[in-house]
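Trainee: Input structure: run.csv, which contains CSV, C-alpha atoms.
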```
chain,number,residue,atom,x,y,z
A,1,MET,CA,0.0,0.0,0.0
A,2,GLY,CA,2.8,2.4,0.8
A,3,THR,CA,4.5,1.8,-2.5
A,4,ILE,CA,1.2,2.6,-4.4
A,5,LEU,CA,0.8,5.8,-2.5
A,6,PHE,CA,4.4,6.7,-3.2
A,7,VAL,CA,3.9,6.1,-6.9
A,8,ILE,CA,0.7,8.1,-7.0
A,9,GLY,CA,2.6,10.9,-5.1
A,10,VAL,CA,5.4,10.9,-7.6
A,11,LEU,CA,3.0,11.0,-10.6
A,12,LEU,CA,1.1,13.9,-9.1
A,13,ASN,CA,4.3,15.7,-8.4
A,14,CYS,CA,5.4,15.2,-12.0
A,15,LEU,CA,2.1,16.5,-13.3
A,16,VAL,CA,2.4,19.6,-11.2
A,17,ALA,CA,6.1,20.1,-12.0
A,18,SER,CA,5.4,19.8,-15.7
A,19,GLY,CA,3.5,23.1,-15.6
A,20,CYS,CA,0.2,21.5,-16.6
A,21,ASN,CA,-2.4,23.7,-14.9
A,22,VAL,CA,-5.6,22.5,-16.4
A,23,SER,CA,-7.9,24.7,-14.4
A,24,ALA,CA,-6.0,28.0,-15.1
A,25,PRO,CA,-7.0,30.0,-18.1
A,26,VAL,CA,-4.5,30.1,-20.9
A,27,ARG,CA,-3.0,33.5,-21.7
A,28,GLN,CA,-3.5,34.5,-25.3
A,29,PRO,CA,-0.1,34.9,-26.9
A,30,ALA,CA,1.1,37.9,-28.8
A,31,LYS,CA,-0.3,37.9,-32.4
A,32,GLU,CA,3.0,38.8,-34.0
A,33,ALA,CA,4.7,35.5,-32.9
A,34,LYS,CA,3.4,33.7,-35.9
A,35,GLY,CA,5.5,35.9,-38.2
A,36,LEU,CA,8.6,35.7,-36.1
A,37,ARG,CA,11.7,36.7,-38.1
A,38,PRO,CA,14.7,36.4,-35.9
A,39,GLU,CA,17.7,38.7,-36.4
A,40,ILE,CA,20.1,35.8,-36.1
A,41,MET,CA,19.6,33.1,-38.7
A,42,ARG,CA,21.8,30.0,-38.7
A,43,THR,CA,21.6,26.6,-40.2
A,44,ASP,CA,21.2,23.6,-37.9
A,45,GLU,CA,24.8,22.7,-38.5
A,46,GLU,CA,25.9,26.3,-37.4
A,47,TRP,CA,23.7,26.1,-34.3
A,48,ARG,CA,25.2,22.7,-33.4
A,49,LYS,CA,28.7,24.3,-33.5
A,50,VAL,CA,27.9,27.1,-31.1
A,51,LEU,CA,25.5,25.3,-28.6
A,52,THR,CA,26.0,22.3,-26.3
A,53,PRO,CA,23.9,19.3,-27.3
A,54,GLU,CA,21.5,20.1,-24.4
A,55,GLN,CA,21.2,23.8,-25.4
A,56,TYR,CA,20.6,22.7,-29.0
A,57,GLU,CA,17.8,20.3,-28.0
A,58,VAL,CA,16.1,23.0,-25.9
A,59,LEU,CA,16.6,26.1,-27.9
A,60,ARG,CA,16.4,24.7,-31.5
A,61,LYS,CA,14.1,21.7,-31.0
A,62,ALA,CA,11.8,23.0,-28.2
A,63,GLY,CA,13.0,20.3,-25.8
A,64,THR,CA,12.5,20.5,-22.1
A,65,GLU,CA,15.0,19.5,-19.4
A,66,ARG,CA,13.8,17.4,-16.5
A,67,PRO,CA,12.5,19.3,-13.5
A,68,PHE,CA,15.0,20.1,-10.7
A,69,SER,CA,17.9,19.1,-13.0
A,70,GLY,CA,19.0,22.4,-14.6
A,71,LYS,CA,21.8,24.5,-13.2
A,72,TYR,CA,19.6,27.6,-12.5
A,73,TRP,CA,16.4,26.2,-11.0
A,74,ASN,CA,17.8,26.8,-7.5
A,75,HIS,CA,20.2,29.6,-8.4
A,76,ASN,CA,20.0,32.7,-6.2
A,77,GLU,CA,22.9,35.0,-7.1
A,78,GLU,CA,22.2,38.6,-8.3
A,79,GLY,CA,22.6,39.4,-12.0
A,80,VAL,CA,21.0,39.0,-15.4
A,81,TYR,CA,19.9,35.8,-17.2
A,82,THR,CA,20.7,36.0,-21.0
A,83,CYS,CA,19.7,33.9,-23.9
A,84,ALA,CA,22.2,31.0,-24.4
A,85,GLY,CA,21.8,31.3,-28.1
A,86,CYS,CA,22.5,34.9,-28.7
A,87,GLY,CA,23.3,36.7,-25.4
A,88,VAL,CA,20.3,39.1,-25.3
A,89,GLU,CA,19.2,40.0,-21.7
A,90,LEU,CA,16.0,38.2,-20.8
A,91,PHE,CA,15.4,38.1,-17.0
A,92,ARG,CA,16.8,39.7,-13.9
A,93,SER,CA,17.5,37.8,-10.7
A,94,LYS,CA,15.3,40.2,-8.8
A,95,GLU,CA,12.2,39.0,-10.7
A,96,LYS,CA,13.2,35.3,-10.1
A,97,PHE,CA,11.1,33.3,-7.6
A,98,ASP,CA,10.7,29.7,-6.4
A,99,ALA,CA,7.6,28.4,-8.0
A,100,GLY,CA,8.3,24.9,-6.8
A,101,CYS,CA,8.1,23.5,-10.3
A,102,GLY,CA,11.8,22.6,-10.8
A,103,TRP,CA,12.6,25.2,-13.5
A,104,PRO,CA,13.9,28.8,-13.1
A,105,SER,CA,10.7,31.0,-12.8
A,106,PHE,CA,10.4,34.7,-13.3
A,107,TYR,CA,7.4,37.0,-12.9
A,108,ASP,CA,8.6,39.5,-15.5
A,109,ALA,CA,11.2,39.9,-18.4
A,110,VAL,CA,13.9,42.5,-18.5
A,111,ASN,CA,12.2,43.9,-21.6
A,112,ARG,CA,9.1,42.2,-23.0
A,113,ASP,CA,10.2,43.2,-26.5
A,114,ALA,CA,13.1,40.7,-26.1
A,115,ILE,CA,10.7,37.8,-26.0
A,116,VAL,CA,7.9,36.5,-28.2
A,117,GLU,CA,4.9,34.4,-27.1
A,118,ARG,CA,3.0,32.0,-29.2
A,119,GLU,CA,0.3,29.4,-28.7
A,120,ASP,CA,1.6,25.8,-28.0
A,121,ASN,CA,-0.8,23.0,-28.2
A,122,SER,CA,1.7,20.2,-28.1
A,123,HIS,CA,1.6,17.2,-25.7
A,124,GLY,CA,-2.2,17.5,-25.3
A,125,MET,CA,-1.9,20.8,-23.4
A,126,ARG,CA,-2.8,24.4,-24.2
A,127,ARG,CA,0.2,26.6,-23.2
A,128,VAL,CA,2.0,29.7,-24.3
A,129,GLU,CA,5.5,29.2,-25.5
A,130,VAL,CA,8.2,31.8,-24.9
A,131,LEU,CA,10.9,32.4,-27.5
A,132,CYS,CA,13.8,34.7,-27.8
A,133,ARG,CA,13.0,37.4,-30.3
A,134,LYS,CA,16.6,37.9,-31.5
A,135,CYS,CA,17.5,34.3,-32.3
A,136,GLY,CA,14.1,32.5,-32.2
A,137,GLY,CA,15.2,30.0,-29.5
A,138,HIS,CA,12.7,28.2,-27.4
A,139,LEU,CA,13.0,29.3,-23.8
A,140,GLY,CA,10.1,27.7,-22.0
A,141,HIS,CA,6.5,28.7,-21.3
A,142,VAL,CA,4.6,31.4,-19.5
A,143,PHE,CA,1.6,30.6,-17.2
A,144,PRO,CA,-1.0,33.0,-15.5
A,145,ASP,CA,-0.3,31.7,-12.0
A,146,GLY,CA,2.7,33.8,-10.9
A,147,PRO,CA,3.0,36.3,-8.1
A,148,VAL,CA,2.1,40.0,-8.1
A,149,PRO,CA,2.7,42.4,-9.7
A,150,THR,CA,2.3,40.6,-13.0
A,151,GLY,CA,0.6,37.4,-12.1
A,152,LEU,CA,2.9,35.6,-14.6
A,153,ARG,CA,5.2,32.7,-14.2
A,154,TYR,CA,7.8,32.5,-17.0
A,155,CYS,CA,9.0,28.9,-16.6
A,156,ILE,CA,12.3,28.8,-18.4
A,157,ASN,CA,14.8,26.0,-19.1
A,158,SER,CA,18.2,26.4,-17.6
A,159,ALA,CA,19.7,25.1,-20.8
A,160,ALA,CA,18.2,28.1,-22.7
A,161,ILE,CA,19.8,30.7,-20.5
A,162,GLU,CA,23.2,31.8,-19.2
A,163,PHE,CA,23.9,33.9,-16.1
A,164,ASP,CA,25.8,37.2,-16.0
A,165,GLU,CA,26.6,38.4,-12.5
A,166,SER,CA,28.3,41.6,-13.7
A,167,LYS,CA,25.0,43.2,-14.8
```
Would you write out, as C-alpha cells, the structure that this file holds?
Mentor:
Amino acid sequence: MGTILFVIGVLLNCLVASGCNVSAPVRQPAKEAKGLRPEIMRTDEEWRKVLTPEQYEVLRKAGTERPFSGKYWNHNEEGVYTCAGCGVELFRSKEKFDAGCGWPSFYDAVNRDAIVEREDNSHGMRRVEVLCRKCGGHLGHVFPDGPVPTGLRYCINSAAIEFDESK
C-alpha cells in the first residue's frame, strides 16, 4: 500500500512540476509571434557548433530539461539571465522566484520586447511558449499563475539561458 501511495505521489508531483495547470485560463499569446523573423539566422549545423547538445535540444528543438535538474532552478545570485543562443538580456534575478516547479521561474522579463509568445498545443496541453525574439530560440512557457505584480510565471529551461553576475 505504501508503494502505491508513493507512486501516486510521484506521478502527481510530475504532473504539477510539468507546468500542466488544467484549471487556469490560458494566456493569449502575442499575435506577431506567428510571423517571427529572428535577427540571427543560422543553419542547424551552425547552431550545433555554437551550442552544447542540451542547449541545441532545448533552444532549437523546443525540448525540455527534467524538473530540478537544470543549473539555474535553485540559483540565487544577483545578476541577469541572458539567452544562451545569442546573449540578449532576458530576465533579472530580482524577478526570479521559487515556483516549486523545478525550473527557473520569473514573474517578468527585462524587456518584454526581447521575448515573443506563441500558442503551443503540443503534448495535449494548451500553453503559451516563450521564444527569444533575437534568435528565435525556445526558452520555455509562461503561465498565468505567478505572483504580483504581473501574475505571470515564466517557466524557463536552464539550458536556454546563461547567467551574467556583472550586470
Trainee: What lies within 6 Å of stretch 87-93 of chain A using all atoms listed in the file, ignoring chain neighbours under 5 positions off, as a list of chain:residue names?
Mentor: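 Answer for this query is A:Glu78, A:Gly79, A:Val80, A:Tyr81, A:Thr82, A:Ala109, A:Val110.
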Trainee: Emit the selected residues as an mmCIF file, in the frame of the given file, including C-alpha atoms.
Mentor:
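again32.cif, freshly written:
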```
data_model
loop_
_atom_site.group_PDB
_atom_site.id
_atom_site.type_symbol
_atom_site.label_atom_id
_atom_site.label_comp_id
_atom_site.auth_asym_id
_atom_site.auth_seq_id
_atom_site.Cartn_x
_atom_site.Cartn_y
_atom_site.Cartn_z
ATOM 1 C CA GLU A 78 22.200 38.600 -8.300
ATOM 2 C CA GLY A 79 22.600 39.400 -12.000
ATOM 3 C CA VAL A 80 21.000 39.000 -15.400
ATOM 4 C CA TYR A 81 19.900 35.800 -17.200
ATOM 5 C CA THR A 82 20.700 36.000 -21.000
ATOM 6 C CA ALA A 109 11.200 39.900 -18.400
ATOM 7 C CA VAL A 110 13.900 42.500 -18.500
#
```
Trainee: Calculated over only C-alpha atoms, which of the candidates A:Ser166, A:Ala160, A:Arg112, A:Tyr72 has the smallest distance to A:Pro53?
Mentor: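 The answer is A:Ala160, which sits nearest to A:Pro53.
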Trainee: Please compute the atom CA of A:Pro67-atom CA of A:Gly100 distance, one decimal, in Å.
Mentor: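 Taking atom CA of A:Pro67 and atom CA of A:Gly100, their separation equals 9.7 Å.
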Trainee: So, with only C-alpha atoms as the atoms that count, which of A:Lys134, A:Asn111, A:Glu129, A:Phe163 lies closest to A:Thr64?
Mentor: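 Selected residue with least distance to A:Thr64: A:Glu129.
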Trainee: What is the atom CA of A:Cys155 to atom CA of A:Phe143 distance in Å?
Mentor: 7.6 Å
Trainee: One decimal, Å: what's the distance from atom CA of A:Glu46 over to atom CA of A:Ser158, could you say?
Mentor: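 These two atoms are separated by 21.2 Å.
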Trainee: Smallest atom-to-atom distance to A:Thr43: which of A:Val130, A:Ile161, A:Cys135, A:Val142, using all atoms listed in the file?
Mentor: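 The shortest atom-to-atom distance to A:Thr43 comes from A:Cys135.
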